[in-house]
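Enquirer: File query.txt follows (compact mmCIF, N, CA and C atoms):
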```
# COMPACT_ATOMS: atom_id res chain seq x y z
N MET A 13 60.98 57.77 138.26
CA MET A 13 61.93 58.32 137.31
C MET A 13 62.14 57.27 136.21
N ASN A 14 62.16 57.72 134.94
CA ASN A 14 62.34 56.75 133.87
C ASN A 14 63.80 56.29 133.76
N ILE A 15 64.04 55.29 132.95
CA ILE A 15 65.33 54.60 132.89
C ILE A 15 66.48 55.55 132.51
N CYS A 16 66.29 56.33 131.47
CA CYS A 16 67.36 57.22 131.01
C CYS A 16 67.64 58.34 132.01
N ALA A 17 66.59 58.89 132.61
CA ALA A 17 66.79 59.91 133.64
C ALA A 17 67.54 59.33 134.83
N GLN A 18 67.22 58.11 135.21
CA GLN A 18 67.91 57.47 136.33
C GLN A 18 69.38 57.24 136.01
N ALA A 19 69.66 56.84 134.76
CA ALA A 19 71.06 56.63 134.35
C ALA A 19 71.84 57.94 134.42
N PHE A 20 71.22 59.03 133.99
CA PHE A 20 71.88 60.33 134.05
C PHE A 20 72.08 60.77 135.50
N ALA A 21 71.05 60.59 136.33
CA ALA A 21 71.16 60.93 137.75
C ALA A 21 72.28 60.13 138.40
N ASN A 22 72.39 58.86 138.07
CA ASN A 22 73.47 58.02 138.62
C ASN A 22 74.83 58.56 138.20
N ASN A 23 74.94 59.01 136.95
CA ASN A 23 76.20 59.57 136.46
C ASN A 23 76.55 60.84 137.24
N LEU A 24 75.56 61.72 137.43
CA LEU A 24 75.80 62.95 138.20
C LEU A 24 76.18 62.62 139.64
N ASP A 25 75.50 61.63 140.24
CA ASP A 25 75.83 61.21 141.60
C ASP A 25 77.28 60.72 141.68
N SER A 26 77.72 59.96 140.68
CA SER A 26 79.08 59.42 140.70
C SER A 26 80.13 60.52 140.63
N LYS A 27 79.74 61.69 140.12
CA LYS A 27 80.65 62.83 140.02
C LYS A 27 80.41 63.84 141.15
N ASN A 28 79.54 63.48 142.09
CA ASN A 28 79.18 64.35 143.22
C ASN A 28 78.67 65.72 142.77
N LEU A 29 77.87 65.73 141.70
CA LEU A 29 77.29 66.97 141.19
C LEU A 29 75.87 67.14 141.70
N THR A 30 75.48 68.37 141.94
CA THR A 30 74.17 68.69 142.49
C THR A 30 73.14 68.83 141.38
N TYR A 31 71.94 68.33 141.62
CA TYR A 31 70.82 68.45 140.69
C TYR A 31 69.54 68.23 141.47
N SER A 32 68.42 68.52 140.85
CA SER A 32 67.12 68.22 141.46
C SER A 32 66.27 67.50 140.42
N VAL A 33 65.26 66.78 140.90
CA VAL A 33 64.39 65.99 140.04
C VAL A 33 62.94 66.38 140.30
N SER A 34 62.16 66.50 139.22
CA SER A 34 60.73 66.75 139.35
C SER A 34 60.01 66.05 138.20
N ARG A 35 58.69 66.11 138.23
CA ARG A 35 57.87 65.54 137.17
C ARG A 35 57.19 66.70 136.43
N ASP A 36 57.10 66.60 135.14
CA ASP A 36 56.41 67.58 134.32
C ASP A 36 54.93 67.20 134.26
N ASP A 37 54.09 68.09 133.76
CA ASP A 37 52.65 67.81 133.66
C ASP A 37 52.34 66.58 132.82
N ASP A 38 53.14 66.33 131.80
CA ASP A 38 52.86 65.19 130.93
C ASP A 38 53.61 63.93 131.37
N LYS A 39 54.00 63.87 132.62
CA LYS A 39 54.66 62.71 133.23
C LYS A 39 56.12 62.55 132.81
N SER A 40 56.69 63.57 132.18
CA SER A 40 58.12 63.54 131.86
C SER A 40 58.91 63.73 133.14
N THR A 41 60.12 63.20 133.16
CA THR A 41 61.03 63.43 134.27
C THR A 41 61.92 64.61 133.92
N VAL A 42 62.07 65.56 134.87
CA VAL A 42 62.88 66.75 134.63
C VAL A 42 64.00 66.79 135.67
N LEU A 43 65.23 66.77 135.19
CA LEU A 43 66.39 66.98 136.05
C LEU A 43 66.85 68.41 135.85
N SER A 44 67.07 69.14 136.92
CA SER A 44 67.55 70.52 136.84
C SER A 44 68.98 70.57 137.35
N PHE A 45 69.85 71.13 136.52
CA PHE A 45 71.26 71.19 136.83
C PHE A 45 71.68 72.66 136.95
N PRO A 46 72.10 73.11 138.15
CA PRO A 46 72.51 74.50 138.32
C PRO A 46 73.93 74.72 137.82
N TYR A 47 74.14 75.89 137.19
CA TYR A 47 75.46 76.23 136.69
C TYR A 47 75.55 77.74 136.50
N LYS A 48 76.47 78.39 137.21
CA LYS A 48 76.74 79.83 137.07
C LYS A 48 75.46 80.67 137.08
N GLN A 49 74.72 80.63 138.15
CA GLN A 49 73.48 81.39 138.34
C GLN A 49 72.42 81.08 137.29
N ARG A 50 72.55 79.97 136.60
CA ARG A 50 71.56 79.51 135.64
C ARG A 50 71.16 78.10 136.01
N ARG A 51 70.13 77.63 135.36
CA ARG A 51 69.68 76.26 135.59
C ARG A 51 69.34 75.66 134.23
N THR A 52 69.94 74.52 133.94
CA THR A 52 69.60 73.78 132.74
C THR A 52 68.61 72.70 133.13
N SER A 53 67.46 72.68 132.46
CA SER A 53 66.46 71.64 132.69
C SER A 53 66.62 70.58 131.61
N ILE A 54 66.73 69.34 132.04
CA ILE A 54 66.85 68.22 131.13
C ILE A 54 65.55 67.43 131.23
N ILE A 55 64.77 67.41 130.15
CA ILE A 55 63.44 66.82 130.16
C ILE A 55 63.49 65.48 129.42
N PHE A 56 63.20 64.42 130.15
CA PHE A 56 63.19 63.07 129.60
C PHE A 56 61.74 62.67 129.34
N SER A 57 61.40 62.42 128.06
CA SER A 57 60.03 62.12 127.68
C SER A 57 59.85 60.64 127.38
N GLY A 58 58.63 60.18 127.53
CA GLY A 58 58.30 58.80 127.24
C GLY A 58 58.54 57.90 128.44
N GLU A 59 58.07 56.67 128.33
CA GLU A 59 58.20 55.73 129.45
C GLU A 59 59.65 55.45 129.82
N ASP A 60 60.50 55.30 128.82
CA ASP A 60 61.90 54.99 129.11
C ASP A 60 62.79 56.23 129.07
N GLY A 61 62.27 57.35 128.59
CA GLY A 61 63.02 58.60 128.60
C GLY A 61 64.04 58.72 127.49
N ILE A 62 63.86 58.00 126.39
CA ILE A 62 64.88 58.04 125.35
C ILE A 62 64.88 59.35 124.57
N GLN A 63 63.81 60.12 124.65
CA GLN A 63 63.78 61.44 124.03
C GLN A 63 64.09 62.46 125.10
N CYS A 64 65.06 63.31 124.83
CA CYS A 64 65.57 64.19 125.87
C CYS A 64 65.78 65.59 125.28
N GLN A 65 65.39 66.61 126.04
CA GLN A 65 65.63 67.99 125.63
C GLN A 65 66.29 68.75 126.77
N PHE A 66 67.30 69.54 126.44
CA PHE A 66 68.00 70.40 127.38
C PHE A 66 67.52 71.82 127.13
N GLN A 67 67.14 72.54 128.20
CA GLN A 67 66.66 73.92 128.09
C GLN A 67 67.39 74.78 129.11
N THR A 68 67.92 75.91 128.65
CA THR A 68 68.60 76.83 129.56
C THR A 68 68.13 78.25 129.26
N VAL A 69 67.68 78.97 130.29
CA VAL A 69 67.40 80.39 130.15
C VAL A 69 68.73 81.11 130.36
N ILE A 70 69.15 81.86 129.36
CA ILE A 70 70.44 82.53 129.43
C ILE A 70 70.31 83.93 130.01
N GLU A 71 69.32 84.69 129.53
CA GLU A 71 69.20 86.09 129.94
C GLU A 71 67.81 86.59 129.55
N SER A 72 67.30 87.53 130.30
CA SER A 72 66.06 88.21 129.94
C SER A 72 66.44 89.34 128.97
N VAL A 73 65.68 89.46 127.90
CA VAL A 73 66.01 90.44 126.86
C VAL A 73 65.05 91.62 126.96
N PRO A 74 65.59 92.85 127.09
CA PRO A 74 64.71 94.03 127.08
C PRO A 74 63.93 94.10 125.77
N LYS A 75 62.71 94.55 125.85
CA LYS A 75 61.82 94.57 124.68
C LYS A 75 62.45 95.27 123.48
N GLU A 76 63.16 96.36 123.74
CA GLU A 76 63.75 97.13 122.63
C GLU A 76 64.96 96.44 121.98
N LYS A 77 65.45 95.38 122.61
CA LYS A 77 66.62 94.66 122.06
C LYS A 77 66.24 93.31 121.44
N VAL A 78 64.95 92.93 121.48
CA VAL A 78 64.54 91.60 121.02
C VAL A 78 64.95 91.35 119.57
N THR A 79 64.67 92.30 118.68
CA THR A 79 65.00 92.11 117.26
C THR A 79 66.50 91.91 117.07
N ASP A 80 67.31 92.70 117.74
CA ASP A 80 68.76 92.57 117.63
C ASP A 80 69.24 91.21 118.13
N VAL A 81 68.66 90.75 119.24
CA VAL A 81 69.07 89.47 119.81
C VAL A 81 68.62 88.32 118.91
N ILE A 82 67.45 88.42 118.30
CA ILE A 82 66.99 87.39 117.37
C ILE A 82 67.96 87.28 116.19
N LEU A 83 68.44 88.40 115.69
CA LEU A 83 69.43 88.37 114.60
C LEU A 83 70.71 87.68 115.03
N VAL A 84 71.14 87.92 116.26
CA VAL A 84 72.33 87.24 116.79
C VAL A 84 72.05 85.75 116.94
N CYS A 85 70.85 85.39 117.40
CA CYS A 85 70.46 83.97 117.49
C CYS A 85 70.60 83.30 116.13
N ASN A 86 70.07 83.94 115.10
CA ASN A 86 70.13 83.37 113.75
C ASN A 86 71.58 83.16 113.32
N LYS A 87 72.42 84.14 113.59
CA LYS A 87 73.84 84.03 113.22
C LYS A 87 74.50 82.89 113.97
N LEU A 88 74.29 82.82 115.28
CA LEU A 88 74.95 81.78 116.07
C LEU A 88 74.37 80.39 115.80
N ASN A 89 73.11 80.32 115.42
CA ASN A 89 72.52 79.02 115.08
C ASN A 89 73.17 78.41 113.84
N THR A 90 73.73 79.26 112.98
CA THR A 90 74.45 78.72 111.82
C THR A 90 75.87 78.29 112.19
N GLU A 91 76.40 78.82 113.29
CA GLU A 91 77.76 78.49 113.71
C GLU A 91 77.83 77.26 114.62
N TYR A 92 76.80 77.03 115.40
CA TYR A 92 76.79 75.91 116.35
C TYR A 92 75.74 74.90 115.93
N ARG A 93 76.16 73.68 115.67
CA ARG A 93 75.21 72.70 115.16
C ARG A 93 74.51 71.89 116.25
N PHE A 94 75.01 71.89 117.47
CA PHE A 94 74.42 71.05 118.52
C PHE A 94 73.34 71.75 119.34
N VAL A 95 73.21 73.06 119.19
CA VAL A 95 72.26 73.81 120.01
C VAL A 95 71.45 74.76 119.15
N LYS A 96 70.38 75.27 119.75
CA LYS A 96 69.54 76.26 119.09
C LYS A 96 69.29 77.39 120.08
N PHE A 97 69.54 78.63 119.65
CA PHE A 97 69.25 79.81 120.45
C PHE A 97 67.96 80.44 119.96
N VAL A 98 67.09 80.83 120.88
CA VAL A 98 65.82 81.48 120.54
C VAL A 98 65.49 82.53 121.59
N VAL A 99 64.61 83.46 121.23
CA VAL A 99 63.99 84.36 122.19
C VAL A 99 62.54 83.90 122.29
N ASP A 100 62.12 83.51 123.51
CA ASP A 100 60.77 82.97 123.67
C ASP A 100 59.74 84.08 123.85
N SER A 101 58.50 83.70 124.07
CA SER A 101 57.41 84.67 124.18
C SER A 101 57.50 85.54 125.43
N ASP A 102 58.32 85.14 126.40
CA ASP A 102 58.55 85.97 127.60
C ASP A 102 59.78 86.86 127.45
N ASN A 103 60.33 86.93 126.25
CA ASN A 103 61.55 87.68 125.95
C ASN A 103 62.77 87.13 126.69
N ASP A 104 62.75 85.83 126.96
CA ASP A 104 63.92 85.18 127.54
C ASP A 104 64.76 84.60 126.41
N LEU A 105 66.06 84.84 126.48
CA LEU A 105 66.99 84.21 125.57
C LEU A 105 67.20 82.79 126.06
N MET A 106 66.86 81.82 125.21
CA MET A 106 66.89 80.41 125.60
C MET A 106 67.87 79.64 124.72
N ASN A 107 68.34 78.53 125.27
CA ASN A 107 69.17 77.60 124.54
C ASN A 107 68.50 76.23 124.62
N TYR A 108 68.41 75.54 123.49
CA TYR A 108 67.82 74.21 123.44
C TYR A 108 68.78 73.23 122.78
N SER A 109 68.79 72.01 123.28
CA SER A 109 69.52 70.90 122.66
C SER A 109 68.61 69.68 122.78
N ASP A 110 68.70 68.80 121.80
CA ASP A 110 67.90 67.56 121.82
C ASP A 110 68.83 66.37 121.70
N ALA A 111 68.37 65.24 122.23
CA ALA A 111 69.12 63.99 122.11
C ALA A 111 68.14 62.83 122.10
N ILE A 112 68.50 61.82 121.34
CA ILE A 112 67.80 60.53 121.38
C ILE A 112 68.78 59.56 122.04
N LEU A 113 68.33 58.90 123.09
CA LEU A 113 69.21 58.11 123.94
C LEU A 113 68.92 56.62 123.84
N THR A 114 69.82 55.84 124.35
CA THR A 114 69.57 54.44 124.62
C THR A 114 69.74 54.25 126.12
N PRO A 115 68.94 53.41 126.73
CA PRO A 115 69.05 53.22 128.18
C PRO A 115 70.45 52.80 128.62
N GLU A 116 71.16 52.08 127.78
CA GLU A 116 72.49 51.58 128.16
C GLU A 116 73.54 52.68 128.22
N THR A 117 73.39 53.72 127.40
CA THR A 117 74.42 54.76 127.33
C THR A 117 73.92 56.14 127.76
N ALA A 118 72.69 56.23 128.25
CA ALA A 118 72.07 57.52 128.56
C ALA A 118 72.87 58.36 129.55
N GLY A 119 73.43 57.74 130.56
CA GLY A 119 74.16 58.50 131.57
C GLY A 119 75.32 59.28 130.98
N GLU A 120 76.14 58.63 130.19
CA GLU A 120 77.30 59.28 129.57
C GLU A 120 76.88 60.22 128.45
N GLU A 121 75.91 59.80 127.64
CA GLU A 121 75.45 60.64 126.54
C GLU A 121 74.89 61.97 127.05
N CYS A 122 74.04 61.90 128.07
CA CYS A 122 73.45 63.13 128.63
C CYS A 122 74.52 64.03 129.21
N PHE A 123 75.48 63.44 129.88
CA PHE A 123 76.55 64.24 130.47
C PHE A 123 77.35 64.94 129.37
N GLU A 124 77.64 64.24 128.30
CA GLU A 124 78.37 64.83 127.17
C GLU A 124 77.57 65.97 126.54
N VAL A 125 76.26 65.79 126.32
CA VAL A 125 75.43 66.85 125.75
C VAL A 125 75.38 68.04 126.71
N LEU A 126 75.26 67.78 128.01
CA LEU A 126 75.24 68.85 129.00
C LEU A 126 76.54 69.66 128.93
N LEU A 127 77.68 68.99 128.90
CA LEU A 127 78.96 69.70 128.83
C LEU A 127 79.08 70.52 127.55
N ARG A 128 78.71 69.94 126.42
CA ARG A 128 78.77 70.68 125.15
C ARG A 128 77.86 71.89 125.18
N THR A 129 76.65 71.70 125.67
CA THR A 129 75.69 72.79 125.74
C THR A 129 76.21 73.93 126.60
N LEU A 130 76.70 73.61 127.80
CA LEU A 130 77.21 74.66 128.69
C LEU A 130 78.43 75.35 128.10
N GLN A 131 79.28 74.62 127.42
CA GLN A 131 80.46 75.21 126.78
C GLN A 131 80.04 76.18 125.67
N ILE A 132 79.08 75.78 124.86
CA ILE A 132 78.61 76.64 123.78
C ILE A 132 77.95 77.90 124.33
N ILE A 133 77.16 77.75 125.39
CA ILE A 133 76.54 78.93 126.02
C ILE A 133 77.62 79.89 126.50
N GLU A 134 78.67 79.37 127.13
CA GLU A 134 79.76 80.22 127.62
C GLU A 134 80.46 80.93 126.46
N GLU A 135 80.65 80.24 125.34
CA GLU A 135 81.29 80.85 124.18
C GLU A 135 80.41 81.93 123.55
N ALA A 136 79.11 81.70 123.50
CA ALA A 136 78.18 82.61 122.84
C ALA A 136 77.75 83.78 123.73
N LYS A 137 77.82 83.60 125.03
CA LYS A 137 77.28 84.61 125.95
C LYS A 137 77.86 86.01 125.75
N PRO A 138 79.17 86.19 125.56
CA PRO A 138 79.67 87.55 125.36
C PRO A 138 79.05 88.26 124.16
N THR A 139 78.78 87.52 123.10
CA THR A 139 78.15 88.11 121.93
C THR A 139 76.74 88.59 122.26
N PHE A 140 76.00 87.77 122.99
CA PHE A 140 74.65 88.16 123.40
C PHE A 140 74.68 89.34 124.37
N MET A 141 75.59 89.31 125.34
CA MET A 141 75.64 90.38 126.33
C MET A 141 76.00 91.72 125.67
N LYS A 142 76.91 91.66 124.71
CA LYS A 142 77.27 92.89 123.98
C LYS A 142 76.05 93.44 123.26
N THR A 143 75.25 92.57 122.66
CA THR A 143 74.05 92.99 121.94
C THR A 143 72.99 93.54 122.89
N ILE A 144 72.82 92.88 124.02
CA ILE A 144 71.78 93.30 124.97
C ILE A 144 72.15 94.58 125.71
N TYR A 145 73.40 94.70 126.14
CA TYR A 145 73.78 95.80 127.03
C TYR A 145 74.59 96.90 126.37
N ALA A 146 74.83 96.82 125.06
CA ALA A 146 75.59 97.87 124.38
C ALA A 146 74.71 99.05 124.05
```
Would you put the structure from the file into structure tokens?

Expert:
Amino acid sequence: MNICAQAFANNLDSKNLTYSVSRDDDKSTVLSFPYKQRRTSIIFSGEDGIQCQFQTVIESVPKEKVTDVILVCNKLNTEYRFVKFVVDSDNDLMNYSDAILTPETAGEECFEVLLRTLQIIEEAKPTFMKTIYA
């Protein structure tokens, strides 16, 4: 596990929070954090892991609703500056956040980005659900 991923794992351990660790194909470290029937994957790239991306699958989008959900993504992307909402090629509504870390502060920085990301998803989710299921 790279330095920044280890710092984040140590922070989660200190809070008694559950997560899992794996390696990506390109040797990145991936921490998966479960939350409300979802899983946020935190991908630490590079030898020290200072480049970090948070990915969360929010909901599967029915094919006939993709265009409507993309329009909502565009609207919400202008309202929230820390995250990006997209519909991927599998028609999954995704949330992405990026961070550049320092090994000394990675544990706290990642935890802060995780909290912000999950809070924004919770705020935006009703808008998406109304679009998908209305």

Enquirer: Run DSSP on the backbone of this structure and report the residues of chain A it assigns to helix (DSSP H, G or I), as an MDAnalysis selection string.

Expert: chainID A and resid 15:26 75:91 118:145

Enquirer: As an exercise, work out the distance from atom CA of A:Ala17 to atom CA of A:Phe56 in Å and give it to one decimal place.

Expert: 6.3 Å

Enquirer: Hey, can you check how far atom CA of A:Ala118 sits from atom CA of A:Leu24?

Expert: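 Distance between the two atoms: 11.7 Å.
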
Enquirer: Hey, what's within 8 Å of A:Val73 if we count all atoms listed in the file and toss same-chain stuff fewer than 6 positions away? As a list in words, please?

Expert: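 With the cut-off at 8 Å, the set is Val81, Val99, Asp102, Asn103, Asp104, Leu105 and Ile144 of chain A.
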
Enquirer: Export, as a short mmCIF file (atom, residue, chain, number, x, y, z; two decimals), in the frame of the given file, the selected residues with N, CA and C atoms.

Expert:
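Output contents, as saved in selection_13.cif:
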```
data_model
loop_
_atom_site.label_atom_id
_atom_site.label_comp_id
_atom_site.auth_asym_id
_atom_site.auth_seq_id
_atom_site.Cartn_x
_atom_site.Cartn_y
_atom_site.Cartn_z
N VAL A 81 68.66 90.75 119.24
CA VAL A 81 69.07 89.47 119.81
C VAL A 81 68.62 88.32 118.91
N VAL A 99 64.61 83.46 121.23
CA VAL A 99 63.99 84.36 122.19
C VAL A 99 62.54 83.90 122.29
N ASP A 102 58.32 85.14 126.40
CA ASP A 102 58.55 85.97 127.60
C ASP A 102 59.78 86.86 127.45
N ASN A 103 60.33 86.93 126.25
CA ASN A 103 61.55 87.68 125.95
C ASN A 103 62.77 87.13 126.69
N ASP A 104 62.75 85.83 126.96
CA ASP A 104 63.92 85.18 127.54
C ASP A 104 64.76 84.60 126.41
N LEU A 105 66.06 84.84 126.48
CA LEU A 105 66.99 84.21 125.57
C LEU A 105 67.20 82.79 126.06
N ILE A 144 72.82 92.88 124.02
CA ILE A 144 71.78 93.30 124.97
C ILE A 144 72.15 94.58 125.71
#
```

Enquirer: Contacts between stretch 18-23 of chain A and stretch 27-146 of chain A, please, where a residue of stretch 27-146 of chain A counts if it comes within 8 Å (with only N, CA and C atoms); show its shortest atom pair and distance in Å to one decimal, rows by chain and ascending number, as a tab-separated table.

Expert:
```
residue	atom	partner	partner_atom	distance
A:Lys27	N	A:Asn23	C	4.4
A:Asn28	N	A:Asn23	C	6.3
A:Leu29	N	A:Asn23	C	6.7
A:Leu43	CA	A:Ala21	CA	7.9
A:Asp60	C	A:Gln18	N	7.8
A:Gly61	CA	A:Gln18	N	7.8
A:Pro115	C	A:Ala19	CA	6.9
A:Glu116	C	A:Ala19	CA	7.7
A:Thr117	C	A:Ala19	CA	7.2
A:Ala118	C	A:Phe20	N	4.8
A:Gly119	CA	A:Ala19	C	3.7
A:Glu120	N	A:Phe20	CA	6.0
A:Glu121	N	A:Phe20	CA	7.6
A:Cys122	CA	A:Phe20	CA	6.3
A:Phe123	N	A:Phe20	CA	6.3
```

Enquirer: Pick the closest to A:Asn107 from A:Asn14, A:Ser26, A:Gln49, A:Gln67: which is it, counting all atoms listed in the file?

Expert: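 Ranking A:Asn14, A:Ser26, A:Gln49, A:Gln67 by distance to A:Asn107, first place goes to A:Gln67.
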
Enquirer: Considering all atoms listed in the file, state which residue in the set A:Thr114, A:Ile132, A:Arg51, A:Ser72 is at the smallest distance from A:Ile15.

Expert: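 Closest to A:Ile15 of all the choices is A:Thr114.
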